[in-house]
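Below is model36.cif, holding mmCIF, C-alpha atoms.
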```cif
data_upload
#
loop_
_atom_site.label_atom_id
_atom_site.label_comp_id
_atom_site.auth_asym_id
_atom_site.auth_seq_id
_atom_site.Cartn_x
_atom_site.Cartn_y
_atom_site.Cartn_z
CA MET A 2 -75.55 -74.21 -24.55
CA ASN A 3 -72.01 -72.91 -24.52
CA ASP A 4 -69.77 -73.97 -21.67
CA PRO A 5 -69.00 -70.78 -19.67
CA GLY A 6 -65.73 -72.34 -18.54
CA GLY A 7 -64.59 -72.43 -22.15
CA MET A 8 -65.11 -68.70 -22.70
CA ARG A 9 -61.87 -66.90 -23.54
CA ALA A 10 -60.29 -65.01 -20.65
CA SER A 11 -59.46 -61.32 -21.02
CA ASP A 12 -56.28 -59.55 -19.92
CA ALA A 13 -58.28 -57.79 -17.18
CA GLU A 14 -59.54 -61.14 -15.85
CA ARG A 15 -55.99 -62.53 -15.80
CA GLU A 16 -54.77 -59.49 -13.85
CA ALA A 17 -57.70 -59.90 -11.43
CA ALA A 18 -56.69 -63.53 -10.84
CA VAL A 19 -53.07 -62.46 -10.23
CA GLU A 20 -54.27 -59.88 -7.68
CA GLN A 21 -56.32 -62.60 -5.96
CA LEU A 22 -53.16 -64.69 -5.73
CA ARG A 23 -51.19 -61.78 -4.21
CA VAL A 24 -53.84 -61.29 -1.55
CA ALA A 25 -53.84 -65.02 -0.75
CA SER A 26 -50.04 -64.92 -0.39
CA ALA A 27 -50.21 -61.95 1.98
CA GLU A 28 -52.70 -63.93 4.07
CA GLY A 29 -50.28 -66.86 4.33
CA ARG A 30 -52.23 -69.17 2.02
CA LEU A 31 -49.50 -69.56 -0.63
CA THR A 32 -45.74 -70.01 -0.44
CA LEU A 33 -43.48 -67.93 -2.68
CA ALA A 34 -43.05 -70.91 -5.03
CA GLU A 35 -46.82 -71.45 -5.24
CA LEU A 36 -47.43 -67.74 -5.81
CA THR A 37 -44.85 -67.63 -8.60
CA GLU A 38 -46.13 -70.76 -10.32
CA ARG A 39 -49.79 -69.80 -10.11
CA THR A 40 -49.03 -66.26 -11.28
CA GLU A 41 -47.37 -67.68 -14.36
CA ALA A 42 -50.28 -70.07 -14.86
CA ALA A 43 -52.75 -67.17 -14.67
CA TYR A 44 -50.94 -65.30 -17.42
CA LEU A 45 -50.88 -68.46 -19.56
CA ALA A 46 -54.58 -69.23 -18.99
CA GLN A 47 -56.70 -68.85 -22.08
CA THR A 48 -60.19 -69.63 -20.74
CA HIS A 49 -62.35 -68.93 -17.69
CA GLY A 50 -62.13 -72.62 -16.82
CA GLU A 51 -58.34 -72.51 -16.63
CA LEU A 52 -58.41 -69.40 -14.43
CA ALA A 53 -60.99 -71.10 -12.22
CA GLN A 54 -58.65 -74.04 -11.55
CA ILE A 55 -55.84 -71.71 -10.45
CA THR A 56 -57.92 -69.98 -7.77
CA ALA A 57 -60.44 -72.73 -6.90
CA ASP A 58 -58.92 -73.50 -3.46
CA LEU A 59 -58.62 -69.83 -2.43
CA PRO A 60 -61.16 -67.48 -0.81
CA GLY A 61 -63.46 -66.16 -3.50
CA GLY A 62 -63.02 -69.41 -5.42
CA ALA A 63 -63.75 -69.49 -9.09
CA PRO A 64 -64.39 -67.87 -11.45
CA ALA A 65 -61.79 -65.14 -11.08
CA PRO A 66 -63.24 -61.95 -9.59
CA ALA A 67 -63.86 -58.88 -11.68
CA PRO A 68 -61.01 -56.35 -11.60
CA GLY A 69 -61.16 -54.09 -8.56
CA PRO A 70 -59.00 -51.59 -6.71
CA ALA A 71 -55.52 -52.89 -6.02
CA VAL A 72 -54.91 -53.90 -2.42
CA PRO A 73 -52.29 -51.53 -0.97
CA ALA A 74 -48.99 -53.05 -0.04
CA ALA A 75 -48.44 -53.71 3.64
CA PRO A 76 -46.16 -51.10 5.18
CA GLN A 77 -42.61 -52.25 5.60
CA GLY A 78 -41.59 -52.67 9.20
CA ARG A 79 -38.40 -51.31 10.67
CA MET A 80 -37.33 -54.65 12.12
CA ARG A 81 -35.41 -57.27 10.19
CA LYS A 82 -35.12 -60.96 10.80
CA TRP A 83 -31.38 -61.61 11.03
CA ILE A 84 -29.57 -64.78 10.00
CA VAL A 85 -25.90 -64.62 11.05
CA ALA A 86 -22.96 -66.96 10.47
CA VAL A 87 -19.57 -66.19 12.03
CA MET A 88 -16.94 -68.83 11.28
CA GLY A 89 -19.74 -71.33 10.70
CA ASP A 90 -22.91 -72.02 8.71
CA ALA A 91 -26.50 -70.79 9.03
CA LYS A 92 -29.47 -72.04 6.99
CA ARG A 93 -33.11 -71.06 6.73
CA THR A 94 -35.02 -73.54 4.63
CA GLY A 95 -38.40 -75.25 4.47
CA THR A 96 -41.60 -73.51 5.57
CA TRP A 97 -41.09 -70.18 7.30
CA ARG A 98 -42.83 -66.83 7.49
CA ILE A 99 -41.49 -63.51 6.18
CA ASP A 100 -43.31 -60.51 7.64
CA ASP A 101 -40.56 -57.89 7.39
CA GLY A 102 -37.13 -57.52 5.84
CA ILE A 103 -34.34 -60.08 6.18
CA GLY A 104 -30.72 -59.43 7.11
CA ALA A 105 -28.05 -62.00 6.25
CA VAL A 106 -24.54 -61.63 7.68
CA CYS A 107 -21.62 -63.97 7.13
CA VAL A 108 -18.09 -63.50 8.41
CA MET A 109 -15.83 -66.36 7.34
CA GLY A 110 -18.95 -68.50 7.10
CA ASP A 111 -21.88 -69.43 4.88
CA VAL A 112 -25.56 -68.42 4.92
CA VAL A 113 -28.24 -70.18 2.87
CA LEU A 114 -31.73 -68.68 2.55
CA ASP A 115 -34.26 -70.82 0.70
CA LEU A 116 -37.32 -68.65 0.00
CA ARG A 117 -39.26 -71.13 -2.11
CA GLN A 118 -41.46 -72.47 0.68
CA ALA A 119 -41.56 -69.22 2.65
CA GLU A 120 -44.88 -67.49 3.35
CA VAL A 121 -44.33 -63.93 2.15
CA ARG A 122 -46.80 -61.54 3.82
CA GLY A 123 -45.86 -58.43 1.82
CA ARG A 124 -45.66 -57.50 -1.85
CA GLU A 125 -41.92 -58.15 -1.99
CA VAL A 126 -39.02 -59.70 -0.11
CA ASP A 127 -36.37 -57.18 1.01
CA ILE A 128 -32.96 -58.66 1.87
CA VAL A 129 -29.76 -56.93 2.99
CA ALA A 130 -26.78 -59.29 2.68
CA THR A 131 -23.40 -58.46 4.23
CA CYS A 132 -20.60 -60.86 3.40
CA VAL A 133 -16.97 -60.76 4.59
CA MET A 134 -14.80 -63.67 3.48
CA GLY A 135 -17.81 -65.94 3.14
CA ASP A 136 -20.81 -66.85 1.00
CA VAL A 137 -24.50 -65.96 1.00
CA LYS A 138 -26.73 -68.09 -1.23
CA ILE A 139 -30.37 -67.15 -1.75
CA ILE A 140 -32.64 -69.67 -3.48
CA VAL A 141 -35.83 -68.40 -5.14
CA PRO A 142 -38.42 -69.85 -7.53
CA ASP A 143 -37.59 -69.31 -11.19
CA GLY A 144 -39.91 -66.62 -12.51
CA VAL A 145 -39.54 -64.08 -9.69
CA ASP A 146 -38.23 -60.58 -10.42
CA VAL A 147 -34.82 -60.22 -8.74
CA GLU A 148 -33.45 -56.71 -8.16
CA LEU A 149 -29.80 -56.83 -7.10
CA SER A 150 -27.78 -53.80 -5.98
CA GLY A 151 -24.91 -53.00 -3.64
CA VAL A 152 -21.12 -52.86 -3.49
CA THR A 153 -18.54 -55.57 -4.11
CA ILE A 154 -14.83 -55.36 -3.18
CA MET A 155 -12.64 -58.32 -4.16
CA GLY A 156 -15.71 -60.53 -4.37
CA ASP A 157 -18.67 -61.38 -6.56
CA LYS A 158 -22.43 -61.09 -6.67
CA LYS A 159 -24.59 -62.66 -9.32
CA VAL A 160 -28.13 -63.68 -10.26
CA GLN A 161 -28.83 -67.03 -11.92
CA VAL A 162 -32.63 -67.05 -12.10
CA VAL A 163 -34.78 -67.78 -15.14
CA GLU A 164 -36.83 -64.67 -15.81
CA ALA A 165 -40.57 -64.49 -16.29
CA PRO A 166 -41.85 -63.37 -19.71
CA ARG A 167 -41.80 -59.61 -20.16
CA GLY A 168 -44.93 -57.77 -19.15
CA GLN A 169 -45.89 -60.14 -16.34
CA SER A 170 -46.25 -58.84 -12.80
CA ALA A 171 -44.03 -61.33 -10.98
CA PRO A 172 -43.23 -61.50 -7.24
CA VAL A 173 -40.25 -59.28 -6.37
CA VAL A 174 -37.12 -60.16 -4.39
CA LYS A 175 -34.87 -57.16 -3.68
CA VAL A 176 -31.32 -57.87 -2.53
CA THR A 177 -28.84 -55.20 -1.42
CA ALA A 178 -25.41 -56.83 -1.11
CA TYR A 179 -22.25 -55.55 0.57
CA VAL A 180 -19.42 -57.93 -0.24
CA LEU A 181 -15.77 -57.95 0.85
CA MET A 182 -13.75 -60.93 -0.35
CA GLY A 183 -16.86 -63.09 -0.60
CA ASP A 184 -19.82 -64.06 -2.75
CA VAL A 185 -23.54 -63.36 -2.83
CA LYS A 186 -25.53 -65.52 -5.23
CA ILE A 187 -29.24 -65.61 -6.02
CA ILE A 188 -30.14 -68.85 -7.80
CA GLY A 189 -33.38 -70.24 -9.18
CA ASP A 190 -35.13 -73.57 -8.90
CA SER A 191 -33.39 -75.00 -11.93
CA ARG A 192 -30.00 -74.68 -10.20
CA ALA A 193 -31.02 -75.95 -6.76
CA GLU A 194 -32.21 -79.17 -5.20
CA PRO A 195 -35.92 -79.59 -6.03
CA ILE A 196 -38.55 -79.03 -3.36
CA LYS A 197 -41.70 -81.10 -2.92
CA ARG A 198 -44.65 -79.31 -4.49
CA GLY A 199 -48.34 -79.90 -4.10
CA LEU A 200 -50.35 -81.28 -6.98
CA PHE A 201 -52.82 -78.83 -8.45
CA ALA A 202 -55.61 -79.61 -10.90
CA TRP A 203 -54.10 -77.15 -13.38
CA SER A 204 -50.52 -78.49 -13.28
CA GLU A 205 -50.66 -80.64 -16.42
CA TRP A 206 -52.00 -77.97 -18.76
CA TRP A 207 -49.71 -75.38 -17.13
CA GLN A 208 -46.64 -77.52 -17.80
CA GLU A 209 -47.75 -78.10 -21.38
CA ARG A 210 -48.57 -74.44 -22.01
CA ARG A 211 -45.36 -73.02 -20.51
CA GLN A 212 -43.31 -75.12 -22.98
CA ARG A 213 -45.06 -73.70 -26.03
CA PRO A 214 -43.19 -71.22 -28.24
CA GLY A 215 -44.05 -67.63 -27.47
CA HIS A 216 -44.26 -67.94 -23.70
CA GLY A 217 -40.60 -66.87 -23.43
CA GLY A 218 -37.95 -66.78 -20.78
CA TYR A 219 -37.90 -70.41 -19.68
CA GLU A 220 -35.71 -72.10 -22.26
CA VAL A 221 -32.69 -69.85 -21.81
CA PRO A 222 -31.09 -69.83 -18.33
CA HIS A 223 -30.39 -66.12 -18.35
CA ARG A 224 -31.64 -63.50 -15.92
CA ARG A 225 -31.80 -59.77 -16.46
CA HIS A 226 -31.37 -57.82 -13.27
CA ARG A 227 -30.79 -54.34 -12.12
CA GLY A 228 -27.79 -53.47 -10.03
CA LEU A 229 -24.06 -52.95 -9.87
CA HIS A 230 -21.52 -55.59 -10.82
#
```

Here is the file; what I need is its structure written in the form of structure tokens.
Amino acid sequence: MNDPGGMRASDAEREAAVEQLRVASAEGRLTLAELTERTEAAYLAQTHGELAQITADLPGGAPAPAPGPAVPAAPQGRMRKWIVAVMGDAKRTGTWRIDDGIGAVCVMGDVVLDLRQAEVRGREVDIVATCVMGDVKIIVPDGVDVELSGVTIMGDKKVQVVEAPRGQSAPVVKVTAYVLMGDVKIIGDSRAEPIKRGLFAWSEWWQERRQRPGHGGYEVPHRRHRGLH
């Protein structure tokens, strides 16, 4: 008999697995780094067995569910969680929960936001960064979709994140930056201190598959982004 786990996965089944991952993230079961990595792994999966490993520890388990109606995005709240540094430093790192938007303000100070181990309860992370004679650094997993916009006066704003291959539905981080004589930087994993990740059954084949030619985006440290310079 044929092994059902070795049956080739379809594009619809990969998208269904990605949707299952999004729902798990919104329920607080995956950090942003885990969501990004498993999303990439789902798109690289070639068989039902590989998809099963990616979602095995999530509700619904394996195999990946049949495609269904997309779960509507949670409505964005009006409140923001503010991180402020005035003539000092403010950091938000490690495990933390993001339910609504984030506001980062620095005045002659520095703000660091590390989103990699954050539990993101919505479909995207919305950040407004205001910087006056200071620095805001936002650390994200490589592979997320960064959308940067805003205004810069005598300062700089830049994205240094390795992009996901084109056509993949990656987690989204939107940053609106207002900079006066300062800097706002969004950097990826490859440019930051590593975080401790869990070991998943699919990690070895995922690492091998993502290094194959044709899976694009990860060998060149360049990030396309939308926004003003």

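Among the candidate residues A:Gly156, A:Gly7, A:Pro60, A:Gly135, the one lying nearest to A:Ala46 is A:Gly7, with distances computed using only C-alpha atoms.
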
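Comparing A:Glu16, A:Glu38, A:Asp100, A:Glu194 by their smallest distance to A:Val121, the closest is A:Asp100 (using all atoms listed in the file).
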
Fill in the blank from the handout: From atom CA of A:Ala57 to atom CA of A:Val173 the spacing works out at 24.3 Å

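Across the model, the gap from atom CA of A:Ala178 to atom CA of A:Asp111 is 14.4 Å.
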
Skip stretch 89-96 of chain A itself and residues of its chain fewer than 3 positions away, then list as a CSV table (one decimal) with C-alpha atoms, in the frame of the given file all residues within 7 Å of it, counting all atoms listed in the file.
```csv
chain,number,residue,atom,x,y,z
A,84,ILE,CA,-29.6,-64.8,10.0
A,85,VAL,CA,-25.9,-64.6,11.0
A,86,ALA,CA,-23.0,-67.0,10.5
A,110,GLY,CA,-19.0,-68.5,7.1
A,111,ASP,CA,-21.9,-69.4,4.9
A,112,VAL,CA,-25.6,-68.4,4.9
A,113,VAL,CA,-28.2,-70.2,2.9
A,114,LEU,CA,-31.7,-68.7,2.6
A,115,ASP,CA,-34.3,-70.8,0.7
A,118,GLN,CA,-41.5,-72.5,0.7
A,119,ALA,CA,-41.6,-69.2,2.6
```

Exercise for the section: Tell me, as a count of residues only, which residues lie within 10 Å of A:Arg30, counting all atoms listed in the file; anything in the same chain fewer than 5 positions away does not count. Expected result: 12

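Separating atom CA of A:Val126 from atom CA of A:Glu51 is a distance of 28.5 Å.
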
Practice task
Pull out every residue that the PyMOL selection byres ((chain A and resi 171) around 6) matches in the shown coordinates and put them as a list in words.
Solution key: Val145, Asp146, Gln169, Ser170 and Pro172 of chain A

Now that the selection is made, can you save its residues with C-alpha atoms as a short mmCIF file (atom, residue, chain, number, x, y, z; two decimals), in the frame of the given file?
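Okay, part-v4.cif is ready:
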```
data_model
loop_
_atom_site.label_atom_id
_atom_site.label_comp_id
_atom_site.auth_asym_id
_atom_site.auth_seq_id
_atom_site.Cartn_x
_atom_site.Cartn_y
_atom_site.Cartn_z
CA VAL A 145 -39.54 -64.08 -9.69
CA ASP A 146 -38.23 -60.58 -10.42
CA GLN A 169 -45.89 -60.14 -16.34
CA SER A 170 -46.25 -58.84 -12.80
CA PRO A 172 -43.23 -61.50 -7.24
#
```

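With all atoms listed in the file as the atoms that count, the residue of A:Glu41, A:Asp190, A:Glu14, A:Glu28 with the shortest distance to A:Val163 is A:Asp190.
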
I need the output of the PyMOL selection byres ((chain A and resi 175) around 7) for this file as a PDB file with C-alpha atoms, in the coordinates of the input; which residues are they?
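Produced file result_36.pdb, reproduced below:
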```
ATOM      1  CA  VAL A 126     -39.020 -59.700  -0.110  1.00  0.00           C
ATOM      2  CA  ASP A 127     -36.370 -57.180   1.010  1.00  0.00           C
ATOM      3  CA  ILE A 128     -32.960 -58.660   1.870  1.00  0.00           C
ATOM      4  CA  VAL A 147     -34.820 -60.220  -8.740  1.00  0.00           C
ATOM      5  CA  GLU A 148     -33.450 -56.710  -8.160  1.00  0.00           C
ATOM      6  CA  LEU A 149     -29.800 -56.830  -7.100  1.00  0.00           C
ATOM      7  CA  VAL A 173     -40.250 -59.280  -6.370  1.00  0.00           C
ATOM      8  CA  VAL A 174     -37.120 -60.160  -4.390  1.00  0.00           C
ATOM      9  CA  VAL A 176     -31.320 -57.870  -2.530  1.00  0.00           C
ATOM     10  CA  THR A 177     -28.840 -55.200  -1.420  1.00  0.00           C
TER      11      THR A 177
END
```
